[in-house]
$ cat target-v6.pdb   # PDB, C-alpha atoms
ATOM      1  CA  MET A  12      25.477   4.052  -5.106
ATOM      2  CA  THR A  13      26.421   2.045  -8.238
ATOM      3  CA  SER A  14      25.038   3.162 -11.590
ATOM      4  CA  ARG A  15      23.081   0.969 -13.994
ATOM      5  CA  PRO A  16      24.717  -0.266 -17.215
ATOM      6  CA  ALA A  17      23.889   2.057 -20.090
ATOM      7  CA  ALA A  18      22.341  -0.704 -22.180
ATOM      8  CA  ARG A  19      19.798  -1.644 -19.519
ATOM      9  CA  PRO A  20      16.466   0.206 -19.828
ATOM     10  CA  THR A  21      15.225   2.036 -16.768
ATOM     11  CA  SER A  22      12.275   0.340 -15.081
ATOM     12  CA  THR A  23       9.313   2.377 -14.081
ATOM     13  CA  PRO A  24       8.250   2.245 -10.404
ATOM     14  CA  ARG A  25       5.121   0.275 -11.338
ATOM     15  CA  GLN A  26       7.176  -2.486 -12.989
ATOM     16  CA  LEU A  27       9.518  -3.054 -10.072
ATOM     17  CA  ALA A  28       7.457  -4.979  -7.527
ATOM     18  CA  ARG A  29       4.004  -6.412  -6.999
ATOM     19  CA  ILE A  30       2.331  -5.531  -3.690
ATOM     20  CA  ALA A  31       2.770  -9.123  -2.455
ATOM     21  CA  ASP A  32       6.541  -8.873  -2.934
ATOM     22  CA  ARG A  33       7.017  -5.644  -0.958
ATOM     23  CA  LEU A  34       8.159  -4.799   2.529
ATOM     24  CA  SER A  35       5.121  -4.431   4.769
ATOM     25  CA  PHE A  36       6.147  -0.977   5.970
ATOM     26  CA  VAL A  37       9.211   1.223   6.439
ATOM     27  CA  TYR A  38       9.401   3.624   9.387
ATOM     28  CA  LEU A  39      11.462   6.830   9.212
ATOM     29  CA  GLU A  40      11.844   9.679  11.687
ATOM     30  CA  ARG A  41      13.919  12.862  12.135
ATOM     31  CA  CYS A  42      15.184  12.963   8.553
ATOM     32  CA  THR A  43      14.596  14.610   5.171
ATOM     33  CA  ILE A  44      13.166  12.343   2.480
ATOM     34  CA  HIS A  45      13.977  13.101  -1.156
ATOM     35  CA  ARG A  46      14.138  11.280  -4.481
ATOM     36  CA  ASP A  47      17.115   9.916  -6.423
ATOM     37  CA  ALA A  48      15.902   8.345  -9.698
ATOM     38  CA  ASN A  49      13.354   5.706  -8.586
ATOM     39  CA  ALA A  50      14.719   5.487  -5.044
ATOM     40  CA  LEU A  51      13.943   7.438  -1.905
ATOM     41  CA  THR A  52      16.763   8.999   0.062
ATOM     42  CA  ALA A  53      16.543   9.479   3.827
ATOM     43  CA  GLU A  54      19.086  12.018   5.046
ATOM     44  CA  ASP A  55      19.883  12.672   8.709
ATOM     45  CA  THR A  56      22.901  13.551  10.833
ATOM     46  CA  GLU A  57      24.390  10.084  10.245
ATOM     47  CA  GLY A  58      24.306  10.265   6.443
ATOM     48  CA  THR A  59      22.039   9.307   3.548
ATOM     49  CA  ARG A  60      20.294   5.976   2.983
ATOM     50  CA  HIS A  61      18.738   4.846  -0.312
ATOM     51  CA  ILE A  62      15.458   2.913  -0.271
ATOM     52  CA  PRO A  63      13.985   1.437  -3.498
ATOM     53  CA  SER A  64      10.564   3.095  -3.584
ATOM     54  CA  ALA A  65       8.767   0.209  -5.291
ATOM     55  CA  THR A  66       9.686  -2.199  -2.484
ATOM     56  CA  ILE A  67       7.609  -0.222   0.034
ATOM     57  CA  GLY A  68       4.042  -1.133   0.920
ATOM     58  CA  THR A  69       3.522   1.652   3.464
ATOM     59  CA  LEU A  70       5.917   4.439   4.437
ATOM     60  CA  LEU A  71       5.456   5.539   8.048
ATOM     61  CA  LEU A  72       6.707   9.087   8.651
ATOM     62  CA  GLY A  73       7.519   9.657  12.306
ATOM     63  CA  PRO A  74       8.244  12.855  14.236
ATOM     64  CA  GLY A  75      10.755  15.248  12.705
ATOM     65  CA  THR A  76      10.404  14.060   9.096
ATOM     66  CA  ARG A  77      10.305  16.308   6.054
ATOM     67  CA  VAL A  78       9.392  14.982   2.616
ATOM     68  CA  THR A  79       9.850  16.656  -0.768
ATOM     69  CA  HIS A  80       7.394  16.905  -3.628
ATOM     70  CA  GLN A  81       9.558  14.633  -5.814
ATOM     71  CA  ALA A  82       9.623  11.950  -3.121
ATOM     72  CA  MET A  83       5.819  11.994  -2.872
ATOM     73  CA  ALA A  84       5.587  11.828  -6.657
ATOM     74  CA  VAL A  85       7.587   8.603  -6.909
ATOM     75  CA  LEU A  86       5.641   7.064  -4.019
ATOM     76  CA  GLY A  87       2.401   7.857  -5.830
ATOM     77  CA  GLU A  88       3.734   6.355  -9.060
ATOM     78  CA  CYS A  89       4.667   3.058  -7.414
ATOM     79  CA  GLY A  90       1.406   2.770  -5.463
ATOM     80  CA  ALA A  91       2.902   3.071  -1.982
ATOM     81  CA  ASN A  92       0.930   4.464   0.933
ATOM     82  CA  VAL A  93       2.196   7.274   3.136
ATOM     83  CA  VAL A  94       1.089   7.485   6.760
ATOM     84  CA  TRP A  95       2.133  10.203   9.173
ATOM     85  CA  VAL A  96       2.924   8.782  12.608
ATOM     86  CA  GLY A  97       2.730  11.173  15.543
ATOM     87  CA  GLU A  98       3.071  10.863  19.281
ATOM     88  CA  ASN A  99      -0.530   9.692  19.427
ATOM     89  CA  GLY A 100      -0.141   6.910  16.893
ATOM     90  CA  VAL A 101      -0.760   6.178  13.249
ATOM     91  CA  ARG A 102      -3.225   8.197  11.205
ATOM     92  CA  PHE A 103      -3.835   7.595   7.485
ATOM     93  CA  TYR A 104      -3.394  10.704   5.348
ATOM     94  CA  ALA A 105      -2.295   9.747   1.843
ATOM     95  CA  THR A 106      -2.203   6.968  -0.728
ATOM     96  CA  GLY A 107      -0.630   6.158  -4.083
ATOM     97  CA  ASN A 108      -2.311   4.935  -7.233
ATOM     98  CA  ALA A 109      -3.682   1.403  -7.427
ATOM     99  CA  LEU A 110      -1.264  -1.082  -8.993
ATOM    100  CA  THR A 111      -4.099  -2.696 -10.939
ATOM    101  CA  ARG A 112      -5.718  -0.951 -13.891
ATOM    102  CA  SER A 113      -8.839  -3.119 -13.737
ATOM    103  CA  SER A 114     -12.059  -2.271 -11.877
ATOM    104  CA  ARG A 115     -12.907  -5.967 -11.475
ATOM    105  CA  LEU A 116     -12.328  -6.200  -7.706
ATOM    106  CA  ILE A 117     -13.977  -2.911  -6.799
ATOM    107  CA  GLU A 118     -17.023  -3.869  -8.881
ATOM    108  CA  ALA A 119     -17.129  -7.204  -7.040
ATOM    109  CA  GLN A 120     -16.835  -5.413  -3.705
ATOM    110  CA  ALA A 121     -19.632  -2.995  -4.585
ATOM    111  CA  ALA A 122     -21.883  -5.816  -5.794
ATOM    112  CA  ALA A 123     -21.318  -7.882  -2.633
ATOM    113  CA  TRP A 124     -21.738  -4.855  -0.367
ATOM    114  CA  ALA A 125     -24.937  -3.591  -2.009
ATOM    115  CA  ASN A 126     -26.840  -6.836  -1.400
ATOM    116  CA  ARG A 127     -27.797  -7.553   2.212
ATOM    117  CA  ARG A 128     -27.456 -11.329   1.853
ATOM    118  CA  SER A 129     -24.057 -11.261   0.188
ATOM    119  CA  ARG A 130     -22.834  -8.613   2.610
ATOM    120  CA  ILE A 131     -23.425 -10.841   5.620
ATOM    121  CA  ALA A 132     -22.091 -13.831   3.665
ATOM    122  CA  VAL A 133     -18.755 -12.019   3.247
ATOM    123  CA  ALA A 134     -18.806 -11.069   6.941
ATOM    124  CA  ARG A 135     -19.270 -14.745   7.851
ATOM    125  CA  GLU A 136     -16.417 -15.725   5.546
ATOM    126  CA  MET A 137     -14.198 -13.132   7.240
ATOM    127  CA  TYR A 138     -15.062 -14.683  10.598
ATOM    128  CA  ARG A 139     -14.244 -18.130   9.197
ATOM    129  CA  LEU A 140     -10.826 -16.896   8.023
ATOM    130  CA  ARG A 141     -10.084 -15.538  11.503
ATOM    131  CA  PHE A 142     -11.329 -18.571  13.418
ATOM    132  CA  PRO A 143     -11.199 -21.629  11.118
ATOM    133  CA  ASP A 144     -12.175 -23.960  13.965
ATOM    134  CA  GLU A 145     -15.674 -22.434  14.122
ATOM    135  CA  ASP A 146     -18.584 -22.543  11.683
ATOM    136  CA  PRO A 147     -20.348 -19.156  11.407
ATOM    137  CA  SER A 148     -23.000 -20.414   8.983
ATOM    138  CA  GLY A 149     -26.404 -19.145  10.013
ATOM    139  CA  LEU A 150     -25.078 -16.637  12.532
ATOM    140  CA  MET A 151     -26.584 -13.159  12.327
ATOM    141  CA  ARG A 152     -24.566  -9.981  12.762
ATOM    142  CA  ARG A 153     -25.075  -9.542  16.520
ATOM    143  CA  GLU A 154     -24.106 -13.180  17.026
ATOM    144  CA  LEU A 155     -20.975 -12.735  14.895
ATOM    145  CA  LEU A 156     -19.992  -9.657  16.889
ATOM    146  CA  GLY A 157     -20.566 -11.463  20.175
ATOM    147  CA  CYS A 158     -18.496 -14.464  19.102
ATOM    148  CA  GLU A 159     -15.721 -12.218  17.803
ATOM    149  CA  GLY A 160     -15.611 -10.243  21.049
ATOM    150  CA  GLN A 161     -15.387 -13.421  23.094
ATOM    151  CA  ARG A 162     -12.566 -14.822  20.968
ATOM    152  CA  VAL A 163     -10.564 -11.587  21.205
ATOM    153  CA  ARG A 164     -11.053 -11.497  24.994
ATOM    154  CA  GLU A 165      -9.831 -15.097  25.203
ATOM    155  CA  CYS A 166      -6.822 -14.180  23.065
ATOM    156  CA  TYR A 167      -5.855 -11.366  25.441
ATOM    157  CA  ALA A 168      -6.075 -13.723  28.415
ATOM    158  CA  LYS A 169      -4.137 -16.464  26.660
ATOM    159  CA  GLU A 170      -1.308 -14.144  25.609
ATOM    160  CA  ALA A 171      -1.119 -12.587  29.071
ATOM    161  CA  THR A 172      -0.664 -16.048  30.572
ATOM    162  CA  ARG A 173       1.849 -17.101  27.926
ATOM    163  CA  THR A 174       4.048 -14.025  28.294
ATOM    164  CA  GLY A 175       3.515 -13.329  32.000
ATOM    165  CA  VAL A 176       2.156  -9.828  31.331
ATOM    166  CA  ALA A 177      -0.272  -8.319  33.831
ATOM    167  CA  TRP A 178      -3.421  -7.623  31.798
ATOM    168  CA  ARG A 179      -6.219  -5.500  33.249
ATOM    169  CA  GLY A 180      -8.326  -5.261  30.114
ATOM    170  CA  ARG A 181      -8.265  -3.226  26.926
ATOM    171  CA  ARG A 182      -8.045   0.465  27.804
ATOM    172  CA  TYR A 183      -7.094   3.146  25.300
ATOM    173  CA  THR A 184      -7.943   6.842  25.167
ATOM    174  CA  PRO A 185      -7.882   8.138  21.569
ATOM    175  CA  GLY A 186      -5.330  10.915  21.255
ATOM    176  CA  ASP A 187      -3.600  10.013  24.534
ATOM    177  CA  PHE A 188      -1.300   7.095  23.733
ATOM    178  CA  ALA A 189       0.964   7.650  26.750
ATOM    179  CA  SER A 190      -1.866   7.340  29.285
ATOM    180  CA  SER A 191      -2.165   3.575  28.675
ATOM    181  CA  ASP A 192      -0.043   0.933  30.350
ATOM    182  CA  ALA A 193       2.658  -0.893  28.384
ATOM    183  CA  PRO A 194       0.518  -3.837  27.183
ATOM    184  CA  ASN A 195      -2.219  -1.504  25.924
ATOM    185  CA  GLN A 196       0.337   0.722  24.204
ATOM    186  CA  ALA A 197       1.775  -2.326  22.445
ATOM    187  CA  VAL A 198      -1.666  -3.552  21.351
ATOM    188  CA  THR A 199      -2.522  -0.065  20.043
ATOM    189  CA  ALA A 200       0.767   0.282  18.139
ATOM    190  CA  ALA A 201       0.370  -3.188  16.626
ATOM    191  CA  ALA A 202      -3.220  -2.509  15.560
ATOM    192  CA  GLN A 203      -2.292   0.798  13.952
ATOM    193  CA  CYS A 204       0.536  -0.778  11.969
ATOM    194  CA  MET A 205      -1.827  -3.503  10.772
ATOM    195  CA  TYR A 206      -4.185  -0.790   9.547
ATOM    196  CA  GLY A 207      -1.343   0.674   7.493
ATOM    197  CA  VAL A 208      -0.548  -2.723   5.970
ATOM    198  CA  ALA A 209      -4.211  -3.407   5.170
ATOM    199  CA  GLN A 210      -4.562   0.048   3.634
ATOM    200  CA  ALA A 211      -1.530  -0.554   1.418
ATOM    201  CA  VAL A 212      -2.936  -3.802   0.020
ATOM    202  CA  THR A 213      -6.488  -2.447  -0.297
ATOM    203  CA  ALA A 214      -5.288   0.598  -2.220
ATOM    204  CA  ALA A 215      -2.944  -1.435  -4.443
ATOM    205  CA  LEU A 216      -5.766  -3.789  -5.452
ATOM    206  CA  GLY A 217      -8.059  -0.865  -6.249
ATOM    207  CA  CYS A 218     -10.717  -1.718  -3.635
ATOM    208  CA  ALA A 219     -12.981   0.849  -1.971
ATOM    209  CA  PRO A 220     -11.745   1.419   1.611
ATOM    210  CA  GLY A 221     -15.134   2.702   2.787
ATOM    211  CA  LEU A 222     -17.277  -0.314   1.783
ATOM    212  CA  GLY A 223     -16.866  -2.564   4.806
ATOM    213  CA  PHE A 224     -18.633  -5.847   5.562
ATOM    214  CA  VAL A 225     -18.118  -5.880   9.331
ATOM    215  CA  HIS A 226     -17.233  -2.246  10.027
ATOM    216  CA  SER A 227     -19.490   0.523   8.779
ATOM    217  CA  GLY A 228     -19.831   4.284   8.647
ATOM    218  CA  HIS A 229     -16.128   5.127   8.288
ATOM    219  CA  ILE A 230     -14.063   5.880   5.184
ATOM    220  CA  GLN A 231     -11.640   3.095   6.213
ATOM    221  CA  SER A 232     -14.247   0.431   7.074
ATOM    222  CA  PHE A 233     -12.941  -2.208   4.648
ATOM    223  CA  VAL A 234      -9.370  -1.532   5.782
ATOM    224  CA  LEU A 235     -10.418  -2.231   9.377
ATOM    225  CA  ASP A 236     -12.139  -5.424   8.203
ATOM    226  CA  ILE A 237      -8.965  -6.710   6.557
ATOM    227  CA  ALA A 238      -6.625  -5.688   9.388
ATOM    228  CA  ASP A 239      -8.808  -7.535  11.894
ATOM    229  CA  LEU A 240      -8.362 -10.808   9.984
ATOM    230  CA  TYR A 241      -4.886 -11.073  11.513
ATOM    231  CA  LYS A 242      -5.455  -9.455  14.912
ATOM    232  CA  THR A 243      -5.530 -12.556  17.121
ATOM    233  CA  GLU A 244      -2.994 -14.489  15.055
ATOM    234  CA  ILE A 245      -0.286 -11.853  14.623
ATOM    235  CA  ALA A 246      -0.915  -8.411  16.138
ATOM    236  CA  ILE A 247      -1.909  -9.333  19.706
ATOM    237  CA  PRO A 248       0.761 -12.050  20.268
ATOM    238  CA  VAL A 249       3.532  -9.738  19.026
ATOM    239  CA  ALA A 250       2.247  -6.894  21.216
ATOM    240  CA  PHE A 251       2.311  -9.020  24.375
ATOM    241  CA  GLU A 252       5.779 -10.352  23.598
ATOM    242  CA  VAL A 253       7.110  -6.800  23.268
ATOM    243  CA  ALA A 254       5.364  -5.654  26.457
ATOM    244  CA  ALA A 255       6.815  -8.620  28.335
ATOM    245  CA  GLU A 256      10.380  -7.611  27.401
ATOM    246  CA  ASP A 257      10.337  -4.022  28.685
ATOM    247  CA  GLU A 258       8.009  -1.081  29.300
ATOM    248  CA  ILE A 259      10.331   1.453  27.628
ATOM    249  CA  ASP A 260       9.767   2.610  24.011
ATOM    250  CA  VAL A 261       6.926   0.140  23.552
ATOM    251  CA  GLY A 262       5.596   1.790  20.386
ATOM    252  CA  PRO A 263       8.823   1.724  18.301
ATOM    253  CA  ARG A 264       9.770  -1.755  19.493
ATOM    254  CA  THR A 265       6.316  -3.081  18.627
ATOM    255  CA  ARG A 266       6.577  -1.652  15.104
ATOM    256  CA  ARG A 267       9.969  -3.259  14.530
ATOM    257  CA  ALA A 268       8.912  -6.641  15.920
ATOM    258  CA  LEU A 269       5.671  -6.645  13.949
ATOM    259  CA  ARG A 270       7.479  -5.661  10.749
ATOM    260  CA  ASP A 271       9.813  -8.662  11.110
ATOM    261  CA  VAL A 272       6.949 -11.085  11.745
ATOM    262  CA  ILE A 273       4.881  -9.715   8.853
ATOM    263  CA  ASN A 274       7.781 -10.052   6.420
ATOM    264  CA  LYS A 275       8.721 -13.521   7.680
ATOM    265  CA  ARG A 276       5.163 -14.804   7.287
ATOM    266  CA  LYS A 277       4.673 -13.055   3.925
ATOM    267  CA  LEU A 278       1.509 -11.401   5.163
ATOM    268  CA  LEU A 279       1.179  -9.065   2.171
ATOM    269  CA  ASP A 280       0.960 -12.037  -0.184
ATOM    270  CA  ARG A 281      -1.602 -13.677   2.079
ATOM    271  CA  CYS A 282      -3.585 -10.454   2.392
ATOM    272  CA  VAL A 283      -3.861 -10.193  -1.399
ATOM    273  CA  THR A 284      -5.024 -13.806  -1.615
ATOM    274  CA  ASP A 285      -7.603 -13.353   1.147
ATOM    275  CA  ILE A 286      -9.143 -10.235  -0.426
ATOM    276  CA  GLN A 287      -9.346 -11.922  -3.806
ATOM    277  CA  SER A 288     -10.964 -15.028  -2.299
ATOM    278  CA  LEU A 289     -13.515 -12.915  -0.385
ATOM    279  CA  LEU A 290     -14.542 -10.800  -3.364
ATOM    280  CA  GLY A 291     -13.773 -13.155  -6.250
ATOM    281  CA  PRO A 292     -17.164 -14.949  -6.224
ATOM    282  CA  TYR A 293     -18.885 -11.600  -6.883
ATOM    283  CA  ALA A 294     -16.537 -10.419  -9.642
ATOM    284  CA  PRO A 295     -17.753  -9.990 -13.228
ATOM    285  CA  GLU A 296     -16.477 -12.542 -15.705
ATOM    286  CA  ARG A 297     -13.963 -11.058 -18.120
ATOM    287  CA  SER A 298     -11.508 -12.618 -20.504
ATOM    288  CA  PRO A 299      -8.659 -10.072 -20.157
ATOM    289  CA  ASP A 300      -6.412 -10.620 -17.169
ATOM    290  CA  ASP A 301      -6.985  -8.466 -14.093
ATOM    291  CA  GLU A 302      -4.020  -6.176 -14.740
ATOM    292  CA  ALA A 303      -5.070  -5.165 -18.267
ATOM    293  CA  ASP A 304      -5.057  -1.416 -18.887
ATOM    294  CA  ARG A 305      -8.401  -1.399 -20.661
ATOM    295  CA  VAL A 306     -11.348   0.986 -20.812
ATOM    296  CA  ALA A 307     -14.747  -0.239 -22.010
ATOM    297  CA  LEU A 308     -18.239   1.210 -22.431
ATOM    298  CA  GLN A 309     -21.318  -0.256 -20.772
ATOM    299  CA  SER A 310     -24.148  -1.416 -23.005
ATOM    300  CA  ASP A 311     -27.486  -3.165 -22.524
ATOM    301  CA  GLY A 312     -27.684  -6.485 -20.684
ATOM    302  CA  ASP A 313     -24.416  -5.819 -18.833
ATOM    303  CA  ALA A 314     -22.514  -6.102 -22.108
ATOM    304  CA  GLU A 315     -19.305  -4.157 -22.614
ATOM    305  CA  LEU A 316     -18.228  -2.472 -25.831
ATOM    306  CA  ALA A 317     -14.838  -1.189 -26.882
ATOM    307  CA  ALA A 318     -14.108   2.432 -26.051
ATOM    308  CA  GLY A 319     -12.876   4.887 -28.653
ATOM    309  CA  VAL A 320     -15.574   3.920 -31.151
ATOM    310  CA  ASN A 321     -18.471   6.113 -32.357
ATOM    311  CA  TYR A 322     -21.598   3.961 -32.200
ATOM    312  CA  ALA A 323     -23.937   6.496 -33.835
ATOM    313  CA  ASP A 324     -24.016   4.533 -37.105
ATOM    314  CA  GLU A 325     -24.645   1.164 -35.394
ATOM    315  CA  ALA A 326     -27.832   1.890 -33.444
ATOM    316  CA  THR A 327     -30.853   4.119 -33.533
ATOM    317  CA  VAL A 328     -30.070   7.333 -31.701
ATOM    318  CA  ILE A 329     -32.982   8.986 -29.834
ATOM    319  CA  TRP A 330     -32.490  12.617 -28.791
TER     320      TRP A 330
END

$ encode --input "target-v6.pdb" --output "structure tokens"
Amino acid sequence: MTSRPAARPTSTPRQLARIADRLSFVYLERCTIHRDANALTAEDTEGTRHIPSATIGTLLLGPGTRVTHQAMAVLGECGANVVWVGENGVRFYATGNALTRSSRLIEAQAAAWANRRSRIAVAREMYRLRFPDEDPSGLMRRELLGCEGQRVRECYAKEATRTGVAWRGRRYTPGDFASSDAPNQAVTAAAQCMYGVAQAVTAALGCAPGLGFVHSGHIQSFVLDIADLYKTEIAIPVAFEVAAEDEIDVGPRTRRALRDVINKRKLLDRCVTDIQSLLGPYAPERSPDDEADRVALQSDGDAELAAGVNYADEATVIW
């Protein structure tokens, strides 16, 4: 590995890459993961590979992986997510720090979620993003769910016809990945990878993963909302294409194919834009840009005051 010129200052992990510029996810298995400066090293029987940590959106750790404390530290510093991937699929276990220092988006999310009218308005807008040829205005939640279910069912049928895959319906037993047929395994693997991508962007933007507008009652509800925006457009078509090729190693092949499609279509950039467009109308108006590292104090009438100031001499204090 070549060394940097001495005159060039070392970049911090946070300065290296915005979330929209990163790889969607990197999958590693049967190796030891360590840190070398601001890079990760993956060592196995074939040698050592260096991976710039700040280019990773989500790191998927497959069977047989070991990771050091220093490696986790640099991943946390650069805002990457870490997901342990077992034989039964992806499960979310860890996250890095948000890349933004502003609470603007999470305040907008909380404001939109806390009001019943705005909550369903965001749900309708999510449906409109998924199916731009339909107008969900005026639809209530049960109607939205019914329309969504019908569109997903039609997508399965369409992709089965296009790829020549025998499709007998969506069947998946949680915790028993191998019991499904090849098409269902591919759909499951694709969905789980999309959850990892959505989690990476949600965490990087500083949003609350548990405040969902379609999903509810789970700590990852908003993540599921965002992942579903791209289910019929990206995840399901890729899954059926992989299943049509071969029934062997469906899970790994689906991850690789989906990774290539996500990077080619710049989905991370689009995901950032979609979240900002969904929550932006509910965000508080502030003059500093969204990345400012600024702490303020709340005052009356939703006003904000500078932190680090003693206001005892500027107002009447009642004990």

$ residues_around --input "target-v6.pdb" --residues "region 51-55 of chain A" --least-positions-apart "6" --cutoff "7 Å" --atoms "all atoms listed in the file" --output "MDAnalysis selection string"
chainID A and resid 41:45 61:64 82

$ residues_around --input "target-v6.pdb" --residues "Leu240 (chain A)" --least-positions-apart "6" --cutoff "8 Å" --atoms "all atoms listed in the file" --output "list of chain:residue names"
A:Met137, A:Tyr138, A:Leu140, A:Arg141

$ atom_distance --input "target-v6.pdb" --atom1 "CA of Phe142 (chain A)" --atom2 "CA of Arg162 (chain A)"
8.5 Å

$ resolve_selection --input "target-v6.pdb" --expression "the PyMOL selection byres ((chain A and resi 269) around 9)" --output "number ranges by chain"
A: 201, 204-205, 245-246, 249-250, 264-268, 270-274

$ atom_distance --input "target-v6.pdb" --atom1 "CA of Ala119 (chain A)" --atom2 "CA of Ala314 (chain A)"
16.0 Å

$ atom_distance --input "target-v6.pdb" --atom1 "CA of Pro220 (chain A)" --atom2 "CA of Ala65 (chain A)"
21.7 Å

$ resolve_selection --input "target-v6.pdb" --expression "the PyMOL selection byres ((chain A and resi 196) around 10)" --output "PDB file with C-alpha atoms, in the coordinates of the input"
ATOM      1  CA  GLY A 100      -0.141   6.910  16.893  1.00  0.00           C
ATOM      2  CA  ARG A 181      -8.265  -3.226  26.926  1.00  0.00           C
ATOM      3  CA  ARG A 182      -8.045   0.465  27.804  1.00  0.00           C
ATOM      4  CA  TYR A 183      -7.094   3.146  25.300  1.00  0.00           C
ATOM      5  CA  PHE A 188      -1.300   7.095  23.733  1.00  0.00           C
ATOM      6  CA  ALA A 189       0.964   7.650  26.750  1.00  0.00           C
ATOM      7  CA  SER A 190      -1.866   7.340  29.285  1.00  0.00           C
ATOM      8  CA  SER A 191      -2.165   3.575  28.675  1.00  0.00           C
ATOM      9  CA  ASP A 192      -0.043   0.933  30.350  1.00  0.00           C
ATOM     10  CA  ALA A 193       2.658  -0.893  28.384  1.00  0.00           C
ATOM     11  CA  PRO A 194       0.518  -3.837  27.183  1.00  0.00           C
ATOM     12  CA  ASN A 195      -2.219  -1.504  25.924  1.00  0.00           C
ATOM     13  CA  ALA A 197       1.775  -2.326  22.445  1.00  0.00           C
ATOM     14  CA  VAL A 198      -1.666  -3.552  21.351  1.00  0.00           C
ATOM     15  CA  THR A 199      -2.522  -0.065  20.043  1.00  0.00           C
ATOM     16  CA  ALA A 200       0.767   0.282  18.139  1.00  0.00           C
ATOM     17  CA  ALA A 201       0.370  -3.188  16.626  1.00  0.00           C
ATOM     18  CA  ALA A 202      -3.220  -2.509  15.560  1.00  0.00           C
ATOM     19  CA  ALA A 250       2.247  -6.894  21.216  1.00  0.00           C
ATOM     20  CA  PHE A 251       2.311  -9.020  24.375  1.00  0.00           C
ATOM     21  CA  ALA A 254       5.364  -5.654  26.457  1.00  0.00           C
ATOM     22  CA  GLU A 258       8.009  -1.081  29.300  1.00  0.00           C
ATOM     23  CA  ASP A 260       9.767   2.610  24.011  1.00  0.00           C
ATOM     24  CA  VAL A 261       6.926   0.140  23.552  1.00  0.00           C
ATOM     25  CA  GLY A 262       5.596   1.790  20.386  1.00  0.00           C
ATOM     26  CA  THR A 265       6.316  -3.081  18.627  1.00  0.00           C
TER      27      THR A 265
END

$ closest_residue --input "target-v6.pdb" --among "A:Thr69, A:Thr184, A:Thr243, A:Ser114" --to "Trp95 (chain A)" --atoms "all atoms listed in the file"
A:Thr69

$ residues_around --input "target-v6.pdb" --residues "Ile117 (chain A)" --least-positions-apart "3" --cutoff "7 Å" --atoms "only C-alpha atoms" --output "PyMOL selection string"
chain A and resi 114+120-121+217-219

$ closest_residue --input "target-v6.pdb" --among "A:Arg153, A:Arg115, A:Lys169, A:Lys242" --to "Pro292 (chain A)" --atoms "all atoms listed in the file"
A:Arg115

$ resolve_selection --input "target-v6.pdb" --expression "the PyMOL selection byres ((chain A and resi 167) around 9)" --output "short mmCIF file (atom, residue, chain, number, x, y, z; two decimals) with C-alpha atoms, in the coordinates of the input"
data_model
loop_
_atom_site.label_atom_id
_atom_site.label_comp_id
_atom_site.auth_asym_id
_atom_site.auth_seq_id
_atom_site.Cartn_x
_atom_site.Cartn_y
_atom_site.Cartn_z
CA ARG A 162 -12.57 -14.82 20.97
CA VAL A 163 -10.56 -11.59 21.20
CA ARG A 164 -11.05 -11.50 24.99
CA GLU A 165 -9.83 -15.10 25.20
CA CYS A 166 -6.82 -14.18 23.06
CA ALA A 168 -6.08 -13.72 28.42
CA LYS A 169 -4.14 -16.46 26.66
CA GLU A 170 -1.31 -14.14 25.61
CA ALA A 171 -1.12 -12.59 29.07
CA THR A 172 -0.66 -16.05 30.57
CA TRP A 178 -3.42 -7.62 31.80
CA GLY A 180 -8.33 -5.26 30.11
CA ARG A 181 -8.26 -3.23 26.93
CA THR A 243 -5.53 -12.56 17.12
CA ILE A 247 -1.91 -9.33 19.71
CA PRO A 248 0.76 -12.05 20.27
CA PHE A 251 2.31 -9.02 24.38
#

$ closest_residue --input "target-v6.pdb" --among "A:Leu222, A:Leu290, A:Pro185, A:Glu296" --to "Ala125 (chain A)" --atoms "all atoms listed in the file"
A:Leu222

$ residues_around --input "target-v6.pdb" --residues "Ala211 (chain A)" --least-positions-apart "5" --cutoff "8 Å" --atoms "all atoms listed in the file" --output "list in words"
Gly68, Thr69, Ala91, Asn92 and Thr106 of chain A

$ closest_residue --input "target-v6.pdb" --among "A:Val37, A:Gly228, A:Asp187, A:Arg179" --to "Leu72 (chain A)" --atoms "all atoms listed in the file"
A:Val37

$ closest_residue --input "target-v6.pdb" --among "A:Val306, A:Leu70, A:Val93, A:Ala109" --to "Ala214 (chain A)" --atoms "all atoms listed in the file"
A:Ala109
